[in-house]
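So the structure is just underneath, and the comments pick up after that.
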Amino acid sequence: MAEKSELVYIIQPIENEKYRILQEEAVALIESAGAEYAGTIYQNIREINPATYIGEGKLRELRERLEGLELTVLFNGGLSPSQTQNISKALGGRKVIDRTTLILDIFALRAESSEGRLQVELAQLKYLYPRLKGKGGELSRLGGGIGTRGPGETQLETDRRHIRTRIHALEERLKEIEQRRFLQVERRKKDKVRTIALVGYTNTGKSTLLNALTGADVLTKDALFATLDPTARSFEIEGVPFLLVDTVGFLQDLPHHLIEAFKSTLESALHCDLALIVCDAAGDYETQLNTTLDTLREMGFSSPYLVVLNKCDLAPGADAGKDAVRISAREGRGLEELKRRIFAELKDSFVCTELFVPYSRSAEYGKLRPLLFEKTVSYTDEGALICAVIPSIYAPQFQEFRKI
C-alpha cells in the first residue's frame, strides 16, 4: 500500500468539456490509492507533442513550481513509454505516472480473489511490457509507492522473454477460469435461476444496494474500486429466488485493455437476465449512465436493464427520466418499488397463478412441485389451494391444476 505521505501532483490536459470531471476523478483515484493530492496544473492542448505530450515551456514551468518538493506527477491521461520517460527526465527524474498506472495500482490493492489477482497481474504486465525496453535501471530508481504494486520491481526487471512467458501462463489460467464460469452460467440457465447484475460507475453504491437487497455484509467504502472482485448473493421477490451479482465499476475513459483484462469478471453482466445500472444522484449521473452503457455495449451487452438512481437522499431533486427508479440504498428508500420493477421487467419469465390440488393427486403434484415457487398454501376439505409463481416454460405442466 502506498505511504500516506506520498504526494501526487496532477497535470490535467484541457481537451474537451469533460476535463473538470476527469480532474475530480483523478483526485478520488489518488485518495483511493492511499496517497495525498498535492495540486493540479491545467494545460490547454492544441497539438500533442509526440515526445512530451505537453510543450517544453509548460514542463519548465512545472519543474520550477515543483522545485524542492518530493512528490509523484500524475498525467491524467494516457502516455506512451517514451513520453513517460521524457517527461520524467524534463522534471529532473521525478516519478511520472499516467491514469492507467494509477488505476492498475488501485486494482492491485483491491483484488482479493485468486482470479482478481491474476487479472491485475496480467493487465500490469501487458501495460508495462513495452515500457521495459532496456530501462530496468531507470525503473529501479522510481522507488516504492504508486505504480509499483502487483508483480513488483523484481518481476519487472527480469528479461523480456520471462515476462512474455508469464503473460502466456496467466492468459492460459484465466481461460480455464473463464471456461468454469461459462459452465456455471449454463448451469444457472438450466436451473432457471434468474441473474440480476449490478453495473455502473465506481462508487455509486452498488455494494450498498446488494447489502440492502440481500442482507449480505459486503465491504462498502467511499472510495473508487472499493470492491474489485465480483460478489453474488441470492434474494427473493414474491417468493421467487434471484441471484444478484455485484461487478467492478467503470470510469470515464477506462482504457480498453483494462476492460479486456476484466472481461471474465464482467461475464455475469453480459449474460444476466436483467442489469441494474446504478447511478449517483449526487453526481453527474447522465455521464455515469452513458459511460456504463458505452462500455457494456463495446463488450457485446444486449440484456434488458433498469436505471437505478441511488443516493437520492443527498440529491432529492435529481431526475434521470421517468423510467429510472429513485432509491437510497443506505436509508432503504425505494427498495420495494425497485423490487416491483425488477419483477415487472421479468414478468414474461413467470406465470403468477392459483392452483387447486385434490388430495387424491398430491403424489402427482409432488413430482412437479420443484418446478414452481409456492407463495401461500391453504387447505380445504377437498384439497390444497396454492398461490404460486411458475416459470413460463413449466406452466403447461400445471394446466390441469390451475383454477379457472
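If you're wondering about the labels, chains in the C-alpha cells are A, B, ... by order shown, residues count from 1 in each chain, ligands from 1 in order shown.
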
Determine, counting only C-alpha atoms, which protein, DNA and RNA residues have an atom within 12 Å of an atom of Pro370 of chain A; residues of the same chain fewer than 3 positions away are not included. Present the result as number ranges by chain.
-> A: 191-192, 364-367, 373-374, 388-391, 394

Create the file for the chosen residues now, containing N, CA and C atoms and written as a compact mmCIF listing (two decimals), in the first residue's frame.
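Resulting contents of result-v7.txt:
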```txt
# COMPACT_ATOMS: atom_id res chain seq x y z
N ASP A 191 -31.02 -24.47 -14.43
CA ASP A 191 -31.79 -24.47 -13.18
C ASP A 191 -32.81 -23.34 -13.12
N LYS A 192 -32.89 -22.56 -14.19
CA LYS A 192 -33.83 -21.43 -14.29
C LYS A 192 -33.62 -20.39 -13.19
N GLU A 364 -48.92 -36.79 -7.56
CA GLU A 364 -48.64 -36.27 -8.90
C GLU A 364 -48.10 -34.83 -8.81
N TYR A 365 -48.74 -34.03 -7.96
CA TYR A 365 -48.28 -32.64 -7.77
C TYR A 365 -46.90 -32.61 -7.12
N GLY A 366 -46.67 -33.56 -6.21
CA GLY A 366 -45.38 -33.57 -5.52
C GLY A 366 -44.20 -33.71 -6.46
N LYS A 367 -44.39 -34.47 -7.56
CA LYS A 367 -43.31 -34.63 -8.53
C LYS A 367 -43.03 -33.33 -9.29
N PHE A 373 -42.65 -22.02 -7.44
CA PHE A 373 -42.38 -21.35 -6.18
C PHE A 373 -43.73 -21.10 -5.50
N GLU A 374 -43.93 -21.73 -4.36
CA GLU A 374 -45.18 -21.56 -3.62
C GLU A 374 -45.11 -20.30 -2.76
N ALA A 388 -49.07 -19.57 -6.47
CA ALA A 388 -47.73 -19.96 -6.92
C ALA A 388 -47.22 -19.08 -8.05
N VAL A 389 -45.90 -19.09 -8.20
CA VAL A 389 -45.23 -18.45 -9.33
C VAL A 389 -44.51 -19.56 -10.09
N ILE A 390 -44.83 -19.69 -11.38
CA ILE A 390 -44.29 -20.79 -12.18
C ILE A 390 -43.47 -20.22 -13.33
N PRO A 391 -42.24 -20.69 -13.52
CA PRO A 391 -41.51 -20.30 -14.73
C PRO A 391 -42.34 -20.63 -15.96
N TYR A 394 -42.51 -24.00 -17.66
CA TYR A 394 -43.13 -25.15 -16.98
C TYR A 394 -44.63 -24.99 -16.81
```

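Every residue of segment 281-359 of chain A with a DSSP assignment of strand (DSSP E or B), taken from the backbone, is listed as Tyr305, Leu306, Val307, Val308, Leu309, Asn310, Val325, Arg326, Ser328, Arg333, Phe350, Val351, Cys352, Thr353, Glu354, Leu355, Phe356, Val357 and Pro358 of chain A.
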
Those residues with C-alpha atoms, as a PDB file, in the first residue's frame please?
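Ended up saving to selection.pdb:
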```
ATOM      1  CA  TYR A 305     -31.723  -3.014 -17.985  1.00  0.00           C
ATOM      2  CA  LEU A 306     -33.197  -0.663 -15.394  1.00  0.00           C
ATOM      3  CA  VAL A 307     -31.638   2.673 -14.472  1.00  0.00           C
ATOM      4  CA  VAL A 308     -31.382   2.991 -10.675  1.00  0.00           C
ATOM      5  CA  LEU A 309     -30.742   6.481  -9.333  1.00  0.00           C
ATOM      6  CA  ASN A 310     -29.125   5.915  -5.931  1.00  0.00           C
ATOM      7  CA  VAL A 325     -36.052   4.050 -10.171  1.00  0.00           C
ATOM      8  CA  ARG A 326     -35.146   6.530  -7.412  1.00  0.00           C
ATOM      9  CA  SER A 328     -31.478   5.467  -1.274  1.00  0.00           C
ATOM     10  CA  ARG A 333     -35.855   4.103   0.497  1.00  0.00           C
ATOM     11  CA  PHE A 350     -43.102 -16.260 -14.878  1.00  0.00           C
ATOM     12  CA  VAL A 351     -46.784 -17.030 -14.506  1.00  0.00           C
ATOM     13  CA  CYS A 352     -48.467 -15.964 -11.274  1.00  0.00           C
ATOM     14  CA  THR A 353     -51.465 -18.201 -10.709  1.00  0.00           C
ATOM     15  CA  GLU A 354     -53.641 -20.124  -8.249  1.00  0.00           C
ATOM     16  CA  LEU A 355     -53.667 -23.914  -8.209  1.00  0.00           C
ATOM     17  CA  PHE A 356     -56.073 -26.392  -6.702  1.00  0.00           C
ATOM     18  CA  VAL A 357     -54.598 -29.801  -5.914  1.00  0.00           C
ATOM     19  CA  PRO A 358     -57.077 -32.513  -4.829  1.00  0.00           C
TER      20      PRO A 358
END
```

Top pick for closest residue to Ser392 of chain A, considering A:Thr380, A:Ser349, A:Thr291, A:Thr214 and counting only C-alpha atoms | A:Ser349

To one decimal place, how far is atom CA of Val248 of chain A from atom CA of Gly39 of chain A in Å?
->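 Distance between the two atoms: 28.2 Å.
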
Pick the closest to His168 of chain A from A:Arg46, A:Arg131, A:Lys126, A:Lys206: which is it, counting only C-alpha atoms?
->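 Looking only at the distances to His168 of chain A, the closest residue turns out to be A:Lys126.
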
Polymer residues at most 9 Å from segment 87-95 of chain A, only C-alpha atoms, same-chain spacing of 6 or more positions, as a list in words = Ala51, Thr52, Tyr53, Ile54, Glu56, Leu59, Arg60, Leu62, Arg63, Glu64, Leu66, Glu70, Leu71, Thr72, Val73, Leu74, Arg141, Leu142 and Gly143 of chain A

Could you write out the selected residues, including C-alpha atoms, as a JSON list (two decimals), in the first residue's frame?
```
[["chain", "number", "residue", "atom", "x", "y", "z"],
["A", 51, "ALA", "CA", 7.85, 13.50, -27.29],
["A", 52, "THR", "CA", 6.41, 15.08, -24.13],
["A", 53, "TYR", "CA", 2.65, 15.43, -24.87],
["A", 54, "ILE", "CA", 2.67, 19.00, -23.46],
["A", 56, "GLU", "CA", 8.61, 22.25, -23.24],
["A", 59, "LEU", "CA", 7.33, 21.44, -18.49],
["A", 60, "ARG", "CA", 9.88, 24.08, -17.45],
["A", 62, "LEU", "CA", 6.10, 22.74, -13.85],
["A", 63, "ARG", "CA", 9.68, 21.88, -12.90],
["A", 64, "GLU", "CA", 10.12, 25.31, -11.29],
["A", 66, "LEU", "CA", 7.75, 21.62, -8.02],
["A", 70, "GLU", "CA", 9.10, 15.31, -3.02],
["A", 71, "LEU", "CA", 6.11, 14.09, -4.97],
["A", 72, "THR", "CA", 4.84, 11.99, -7.86],
["A", 73, "VAL", "CA", 3.46, 13.60, -11.02],
["A", 74, "LEU", "CA", 0.23, 12.13, -12.41],
["A", 141, "ARG", "CA", 15.18, 4.22, -9.39],
["A", 142, "LEU", "CA", 11.47, 5.01, -9.22],
["A", 143, "GLY", "CA", 11.27, 3.63, -5.69]]
```

Name the residues in contact with Leu293 of chain A at a cut-off of 10 Å, using only C-alpha atoms, excluding same-chain residues fewer than 4 positions from it; report them as number ranges by chain.
-> A: 199-200, 277, 287-289, 297-299, 301, 305

For atom CA of Gly77 of chain A and atom CA of Ala111 of chain A, determine how far apart the two atoms are, in Å to one decimal place.
->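 Distance reported for this atom pair: 23.2 Å.
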
Atom pair atom CA of Val8 of chain A / atom CA of Tyr37 of chain A: separation (Å) |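 These two atoms are separated by 5.2 Å.
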
Closest to Ala35 of chain A among A:Leu7, A:Ile327, A:Ala395, A:Cys312, using only C-alpha atoms?
-> A:Leu7

Do a neighbour search on Phe242 of chain A at 12 Å with only C-alpha atoms, toss out local chain neighbours closer than 3 positions, and write the hits as JSON, numbers by chain.
-> {"A": [188, 189, 191, 192, 193, 194, 195, 196, 197, 213, 214, 232, 233, 234, 235, 236, 237, 238, 239, 245, 272, 273, 274, 339, 342, 343, 346, 373]}
